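A short write-up of the structure that comes next.
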Amino acid sequence: MNPKTPSKLEKILAAGHLAVTSECGPPRGSDPQAITAKAEMIRDYVDAINITDNQTSMTRLCSLAACIRLKLMGLEPVLQMVTRDRNRIALQSDILGAASFDIHNILCLSGDHQSFGDCKQGQNVHDIDSMQLIQLVRLMRDDAKFIGGDAIERPPRMFVGAAANPFADPFEIRVPRLAKKIKAGVEFIQTQCIYNLDKFELWLKMARDRGLHEKVYILAGLTPMKSAGMARYMKTRVPGMDVPDDVVKRLAGVPKEKQAEEGLAICVESIQRLKNVEGVSGFHIMAIEWEEKVPEIVERAGLYPRPKVE
Amino acid sequence: MIVADKKPIEEIITEVKDHESILVLGCNECVTVCEAGGKKEAGILASALRMYFLNQGREVRIDEVTLERQCDPEYLEELHDRIDAYDAVISLACGVGVQFMAERYHDKPIYPGVNTCFMGATQARGLWTERCQGCGQCILARTGGICPIARCAKRLLNGPCGGSTAGKCEINKEIDCAWQLIIDRLKALGRFDEYEELAPIKDWSTDRAGGPRKVIREDVQQ
Amino acid sequence: MRLEYSACIRIIRVPCTGKVDSLHLLRAFEKGADGVYVVGCMEGECHFNNGNFRARKRVEQVRRILDAVGIGGDRVQMYNLSSSDGPLFAKFASEMVDRIRQAGPNPIKLARKRAAA
């Protein structure tokens with residue numbers, strides 16, 4: 001597929017390389033250092049950096065501002081945008097704001113419900129949902145039109161992404177959902193973090209059976225476990241997460257001070273295995289509050305140095 | 001029906017405690033069915049208020065009347081000859097009735113006795129659950145008869161989200177994931193392939209967002 | 001059995017405690033009763049299946065209301081016994097009378113007297 005935008009991420013994928021992305025969570029304050037320091041740590045090890053959008057509904061510095069920071073550092077941001085907090089006017093407006101700084105990647109999400117965060121009494125918007133947001137960005141980019149029909153001056157040139165969760169319920173619609181997002185116009189997918197490799201490979205096989213892997217780039221999501229405790233927490237307390245028993249057992253089987261090392265090993269092994277699976281176009285490494293380990297993971301997985309594109 | 005829940009009596013007392021003559025006005029329709037504001041509840045509230053005031057050492061007249069409805073002018077008219085005897089009314093009707101009373105009896109304070117909650121159905125005795133939010137453009141034909149606007153916490157039109165777990169919503173294990181219900185229904189109807197059709201962006205102008213709404217039927221107007 | 005129980009108790013017989021409405025209990029207090037207790041069959045043995053469960057719920061509702069308006073929720077109580085258990089009836093009676101004596105007369109009575117004076 002020929003790249004349609006100036007996005008570095010799109011170019012790397014179009015050239016046939018395995019892409020590597022990671023993510024940064026903005027601070028709960030206005031200190032730009034909190035972003036720039038994390039981003040600097042992983043600069044040479046990833047192709048693009050996602051900035052989350054008030055994740056788990058905790059109010060944080062907005063994704064757009066943090067993406068601009070990254071852009072000013074010469075890095076490639078992925079603007080995560082949830083439909084929970086903004087109506088279609090604000091969504092289009094923020095997309096134009098991002099485009100004015102030549103931010104070329106967007107990830108379209110619905111967003112966690114506000115009851116998870118610090119503003120449980122607030123309204124939610126959901127004027128449109130994540131699928132409709134994908135359609136909206138494509139309309140703005142390819143037809144140079146606002147949703148209301150008027151023409152856009154200097155339309156956004158964004159590579160459009162969305163999330164997929166092979167582990168959420170019900171399983172039977174996980175591939176139809178992927179198909180639906182492709183129909184809506186999505187161009188790349190980042191999945192929820194994978195611990196159950198068998199299930200992920202099953203999902204991917206079902207997607208391949210429908211030829212979907214040729215219509216979208218799929219980046220496998222991974223989060224290294226820091227401890228057996230973290231594994232247990234994610235297994236039981238996080239919706240849509242599938243952590244098999246043997247992952248927990250493996251971590252619990254080593255002494256506490258070695259568990260982080262084991263978690264990193266599991267992550268690297270997963271990448272090694274998934275590299276060989278048809279349909280995997282790259283990896284999305286989400287090392288929340290452990291960003292300093294991303295360089296090591298990328299190196300050990302044999303994905304360093306990152307390819308250069310025009 | 002419109003489902004409401006009784007207001008705590010302490011809250012009602014705070015509003016009416018300075019009045020000398022109060023009418024407790026029940027409604028015989030929705031609030032009777034959801035046991036929040038019918039004749040029985042009006043009687044109980046009136047009795048409780050009488051005891052409150054007597055305990056304060058005050059002679060306050062508390063009467064009870066239950067109208068058929070409080071959302072049709074003909075029924076509100078029934079109070080016309082007797083309402084001057086009261087300096088306040090506690091209406092146990094839904095928010096519609098309270099407001100209609102206030103519009104009709106412009107100089108009379110009308111206090112709400114219930115919290116109006118939603119349009120819903122009786123799931124079981126003592127359990128009423130939400131079904132409709134009055135968006136003004138019903139899409140139930142496309143969603144197997146289950147409304148994602150009223151029953152999905154994120155009102156997703158192309159759901160479910162990634163938080164759906166074992167058929168339940170991410171915000172509360174007791175709430176069914178509306179999209180799981182829709183999928184099950186589409187399967188039961190043999191229309192599962194419709195799941196992949198993209199639902200278009202909604203026109204919310206017929207919803208609350210478009211401003212206070214009205215329905216006009218010229219064919220029945222006089 | 002010719003057991004004794006307090007003379008300050010007035011008995012109102014109903015075919016089943018399920019027939020006792022919240023309003024009956026409330027009106028009794030409105031009219032100046034110091035206490036009301038509802039005596040029904042043992043739970044699970046109601047002659048009419050679940051009348052005594054309904055009565056219990058209504059007693060609970062009235063208790064909350066009496067607390068909210070300052071009359072005192074401990075003036076209303078639900079008891080369950082088997083219809084042949086005379087001694088238990090007498091025991092409940094004296095228990096209830098003791099509790100009401102502790103709580104004092106219904107404040108409404110005093111308030112009415114003061115208002116009339």
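Identifiers in this document derive from the order of the structure tokens: chains are assigned A, B, ..., residues are numbered from 1 separately in each chain, and ligands are numbered from 1 in order of occurrence.
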
Using only C-alpha atoms, determine which residues lie at most 10 Å from Gly35 of chain C, disregarding the query and same-chain residues fewer than 4 positions distant; provide the list as an MDAnalysis selection string.
chainID C and resid 9 25 28:29 72:77 96:97 99:101 103:106

Can I get the selection written as a PDB file, in the first residue's frame, with N, CA and C atoms?
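Dumped to again.pdb:
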ATOM      1  N   ILE C   9     -52.219  -2.791  77.108  1.00  0.00           N
ATOM      2  CA  ILE C   9     -52.191  -3.238  75.707  1.00  0.00           C
ATOM      3  C   ILE C   9     -53.603  -3.429  75.198  1.00  0.00           C
ATOM      4  N   LEU C  25     -50.687   1.629  60.883  1.00  0.00           N
ATOM      5  CA  LEU C  25     -49.690   1.870  61.922  1.00  0.00           C
ATOM      6  C   LEU C  25     -49.483   3.376  62.117  1.00  0.00           C
ATOM      7  N   ALA C  28     -52.348   5.153  63.872  1.00  0.00           N
ATOM      8  CA  ALA C  28     -52.378   4.872  65.311  1.00  0.00           C
ATOM      9  C   ALA C  28     -51.486   5.868  66.051  1.00  0.00           C
ATOM     10  N   PHE C  29     -50.310   6.102  65.504  1.00  0.00           N
ATOM     11  CA  PHE C  29     -49.403   7.053  66.148  1.00  0.00           C
ATOM     12  C   PHE C  29     -49.921   8.477  66.041  1.00  0.00           C
ATOM     13  N   GLY C  72     -39.831   8.509  66.906  1.00  0.00           N
ATOM     14  CA  GLY C  72     -39.020   7.420  67.466  1.00  0.00           C
ATOM     15  C   GLY C  72     -39.407   6.075  66.889  1.00  0.00           C
ATOM     16  N   GLY C  73     -38.484   5.475  66.125  1.00  0.00           N
ATOM     17  CA  GLY C  73     -38.803   4.237  65.431  1.00  0.00           C
ATOM     18  C   GLY C  73     -38.912   3.027  66.332  1.00  0.00           C
ATOM     19  N   ASP C  74     -38.380   3.112  67.538  1.00  0.00           N
ATOM     20  CA  ASP C  74     -38.457   1.922  68.384  1.00  0.00           C
ATOM     21  C   ASP C  74     -39.844   1.725  68.997  1.00  0.00           C
ATOM     22  N   ARG C  75     -40.760   2.634  68.656  1.00  0.00           N
ATOM     23  CA  ARG C  75     -42.125   2.477  69.164  1.00  0.00           C
ATOM     24  C   ARG C  75     -42.925   1.460  68.358  1.00  0.00           C
ATOM     25  N   VAL C  76     -42.368   1.037  67.211  1.00  0.00           N
ATOM     26  CA  VAL C  76     -43.090   0.042  66.406  1.00  0.00           C
ATOM     27  C   VAL C  76     -42.201  -1.187  66.286  1.00  0.00           C
ATOM     28  N   GLN C  77     -42.803  -2.355  66.362  1.00  0.00           N
ATOM     29  CA  GLN C  77     -41.986  -3.577  66.388  1.00  0.00           C
ATOM     30  C   GLN C  77     -42.770  -4.745  65.799  1.00  0.00           C
ATOM     31  N   MET C  96     -42.410  -5.229  75.125  1.00  0.00           N
ATOM     32  CA  MET C  96     -42.870  -4.043  74.401  1.00  0.00           C
ATOM     33  C   MET C  96     -43.241  -2.946  75.382  1.00  0.00           C
ATOM     34  N   VAL C  97     -43.971  -3.302  76.419  1.00  0.00           N
ATOM     35  CA  VAL C  97     -44.385  -2.292  77.402  1.00  0.00           C
ATOM     36  C   VAL C  97     -43.158  -1.646  78.037  1.00  0.00           C
ATOM     37  N   ARG C  99     -40.205  -1.321  76.772  1.00  0.00           N
ATOM     38  CA  ARG C  99     -39.532  -0.456  75.792  1.00  0.00           C
ATOM     39  C   ARG C  99     -40.268   0.880  75.663  1.00  0.00           C
ATOM     40  N   ILE C 100     -41.596   0.811  75.595  1.00  0.00           N
ATOM     41  CA  ILE C 100     -42.367   2.044  75.437  1.00  0.00           C
ATOM     42  C   ILE C 100     -42.265   2.919  76.679  1.00  0.00           C
ATOM     43  N   ARG C 101     -42.264   2.249  77.862  1.00  0.00           N
ATOM     44  CA  ARG C 101     -42.115   3.037  79.097  1.00  0.00           C
ATOM     45  C   ARG C 101     -40.811   3.813  79.063  1.00  0.00           C
ATOM     46  N   ALA C 103     -39.236   4.779  76.374  1.00  0.00           N
ATOM     47  CA  ALA C 103     -39.301   5.833  75.352  1.00  0.00           C
ATOM     48  C   ALA C 103     -40.166   7.000  75.809  1.00  0.00           C
ATOM     49  N   GLY C 104     -41.049   6.704  76.760  1.00  0.00           N
ATOM     50  CA  GLY C 104     -41.930   7.779  77.236  1.00  0.00           C
ATOM     51  C   GLY C 104     -43.182   7.874  76.392  1.00  0.00           C
ATOM     52  N   PRO C 105     -44.091   8.754  76.784  1.00  0.00           N
ATOM     53  CA  PRO C 105     -45.336   8.883  76.021  1.00  0.00           C
ATOM     54  C   PRO C 105     -45.069   9.443  74.627  1.00  0.00           C
ATOM     55  N   ASN C 106     -45.981   9.151  73.707  1.00  0.00           N
ATOM     56  CA  ASN C 106     -45.915   9.671  72.344  1.00  0.00           C
ATOM     57  C   ASN C 106     -45.836  11.202  72.413  1.00  0.00           C
TER      58      ASN C 106
END

Can you check which residues of chain A have any atom within 6 Å of chain B? Use only C-alpha atoms and format it as a PyMOL selection string.
chain A and resi 129+168-169+180+239-240

Per DSSP on the backbone, what are the helix (DSSP H, G or I) residues of chain B, as a PyMOL selection string?
chain B and resi 9-16+30-33+39-55+73-77+83-85+95-104+140-142+148-151+178-188+192-196+204-206+208-210

Restricting to only C-alpha atoms, whichever of C:Cys8, C:Leu23, C:Val59, C:Val38 is closest to chain B is C:Leu23

Would you mind reading off the distance between atom CA of Val298 of chain A and atom CA of Asp47 of chain A, one decimal, in Å?
11.2 Å

Hey, what's within 8 Å of Val216 of chain A if we count only C-alpha atoms and toss same-chain stuff fewer than 2 positions away? As number ranges by chain, please?
A: 182, 186-189, 212-214, 218

Return as a Markdown table the residues of chain B lying at most 6 Å from chain C, together with the closest atom-to-atom pair for each and the distance in Å to one decimal, counting only C-alpha atoms, with rows in chain order and ascending residue number.
| residue | atom | partner | partner_atom | distance |
| --- | --- | --- | --- | --- |
| B:Ile44 | CA | C:Leu23 | CA | 5.9 |
| B:Met51 | CA | C:Glu30 | CA | 5.8 |
| B:Tyr52 | CA | C:Val69 | CA | 4.8 |
| B:Leu54 | CA | C:Ile108 | CA | 5.6 |
| B:Asn55 | CA | C:Ile108 | CA | 5.0 |
| B:Gly57 | CA | C:Ala111 | CA | 4.9 |

Gln123 of chain A proximity check over A:Ala260, A:Ala19, A:Ile266, A:Arg84, using only C-alpha atoms: winner is A:Arg84

Excluding Leu18 of chain A and its own-chain neighbours fewer than 5 positions away, which residues fall within 9 Å of it when counting only C-alpha atoms? Please give them as a list of chain:residue names.
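In the requested form, the answer reads A:Ile12, A:Leu13, A:Leu219, A:Lys275, A:Val280, A:Ser281, A:Gly282, A:Phe283, A:Leu303.
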
Which value, in Å to one decimal, gives the distance between atom CA of Pro6 of chain A and atom CA of Val309 of chain A?
10.7 Å

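Take atom CA of Glu78 of chain B and atom CA of Thr66 of chain B: the distance between them is 10.6 Å.
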
Write out as a ChimeraX atom specification all residues of chain C that backbone DSSP assigns to strand (DSSP E or B).
/C:36-40,76-80

Counting only C-alpha atoms, which residue out of B:Gln70, B:Thr32, B:Gln123, B:Thr143 sits closest to Glu103 of chain B?
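The shortest atom-to-atom distance to Glu103 of chain B comes from B:Gln70.
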
Segment 61-70 of chain A: which residues within 8 Å, counting only C-alpha atoms, same-chain residues fewer than 3 positions away excluded, as a PyMOL selection string?
chain A and resi 26-30+32+35-36+39+51-54+73-81+94+97-98+101+103

What would the file look like if the residues just selected were written as a short mmCIF file (atom, residue, chain, number, x, y, z; two decimals), in the first residue's frame with N, CA and C atoms?
data_model
loop_
_atom_site.label_atom_id
_atom_site.label_comp_id
_atom_site.auth_asym_id
_atom_site.auth_seq_id
_atom_site.Cartn_x
_atom_site.Cartn_y
_atom_site.Cartn_z
N PRO A 26 0.21 11.64 29.77
CA PRO A 26 0.52 13.00 30.22
C PRO A 26 0.37 13.13 31.73
N PRO A 27 0.98 14.18 32.31
CA PRO A 27 0.93 14.34 33.76
C PRO A 27 -0.41 14.89 34.24
N ARG A 28 -0.62 14.80 35.53
CA ARG A 28 -1.82 15.39 36.13
C ARG A 28 -1.49 16.81 36.58
N GLY A 29 -0.85 17.51 35.71
CA GLY A 29 -0.43 18.88 36.00
C GLY A 29 0.06 19.48 34.70
N SER A 30 0.68 20.64 34.76
CA SER A 30 1.02 21.31 33.51
C SER A 30 2.51 21.30 33.19
N PRO A 32 5.54 20.37 31.32
CA PRO A 32 5.84 19.71 30.06
C PRO A 32 6.98 18.70 30.19
N ILE A 35 6.37 15.02 30.03
CA ILE A 35 6.23 14.38 28.72
C ILE A 35 7.58 14.27 28.05
N THR A 36 8.28 15.41 28.00
CA THR A 36 9.50 15.45 27.21
C THR A 36 10.55 14.48 27.76
N ALA A 39 9.59 10.95 26.65
CA ALA A 39 9.74 10.79 25.20
C ALA A 39 11.21 10.70 24.81
N ILE A 51 0.01 9.45 22.64
CA ILE A 51 -0.27 10.20 23.86
C ILE A 51 -1.73 9.89 24.24
N THR A 52 -1.90 9.35 25.43
CA THR A 52 -3.25 8.96 25.83
C THR A 52 -4.13 10.18 26.11
N ASP A 53 -5.44 9.98 26.04
CA ASP A 53 -6.41 11.07 26.17
C ASP A 53 -7.23 10.88 27.44
N ASN A 54 -6.79 11.53 28.52
CA ASN A 54 -7.50 11.40 29.80
C ASN A 54 -7.89 9.95 30.09
N MET A 73 9.77 18.48 19.53
CA MET A 73 11.03 17.79 19.82
C MET A 73 11.51 17.01 18.59
N GLY A 74 10.76 17.08 17.53
CA GLY A 74 11.13 16.32 16.33
C GLY A 74 10.70 14.86 16.39
N LEU A 75 9.74 14.55 17.24
CA LEU A 75 9.26 13.17 17.36
C LEU A 75 7.92 13.01 16.64
N GLU A 76 7.50 11.76 16.48
CA GLU A 76 6.28 11.45 15.73
C GLU A 76 5.16 11.07 16.70
N PRO A 77 4.20 11.96 16.92
CA PRO A 77 3.14 11.63 17.88
C PRO A 77 1.96 10.89 17.23
N VAL A 78 1.24 10.13 18.06
CA VAL A 78 -0.05 9.58 17.68
C VAL A 78 -1.07 10.19 18.62
N LEU A 79 -1.95 10.99 18.07
CA LEU A 79 -2.95 11.67 18.90
C LEU A 79 -4.07 10.70 19.24
N GLN A 80 -4.20 10.33 20.52
CA GLN A 80 -5.33 9.49 20.91
C GLN A 80 -6.49 10.41 21.21
N MET A 81 -7.65 10.05 20.66
CA MET A 81 -8.80 10.91 20.84
C MET A 81 -10.00 10.07 21.24
N ASP A 94 -10.30 20.01 17.21
CA ASP A 94 -9.01 19.51 17.72
C ASP A 94 -8.22 18.81 16.62
N GLY A 97 -6.60 21.45 14.86
CA GLY A 97 -5.51 21.96 15.68
C GLY A 97 -4.28 21.07 15.55
N ALA A 98 -4.51 19.77 15.60
CA ALA A 98 -3.40 18.84 15.45
C ALA A 98 -2.78 18.96 14.06
N PHE A 101 -0.28 21.63 13.38
CA PHE A 101 1.09 21.34 13.82
C PHE A 101 1.66 20.14 13.07
N ILE A 103 0.59 17.07 12.85
CA ILE A 103 0.50 15.79 13.54
C ILE A 103 -0.24 14.84 12.61
#

Counting only C-alpha atoms, what is within 12 Å of Lys40 of chain B, bar same-chain residues fewer than 5 positions away, as JSON, numbers by chain?
{"B": [24, 25, 26, 27, 28, 31, 32, 33, 34, 35, 45, 46, 47, 64, 65, 66, 92], "C": [21, 22, 23, 24]}

Pick out the residues sitting within 9 Å of segment 89-92 of chain C, and hand them over as a list in words; count only C-alpha atoms, and ignore anything fewer than 5 positions along from it in its own chain.
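What passes the distance filter is Leu3, Glu4, Tyr5, Ser6, Val39, Tyr79, Leu81, Ser83 and Val97 of chain C.
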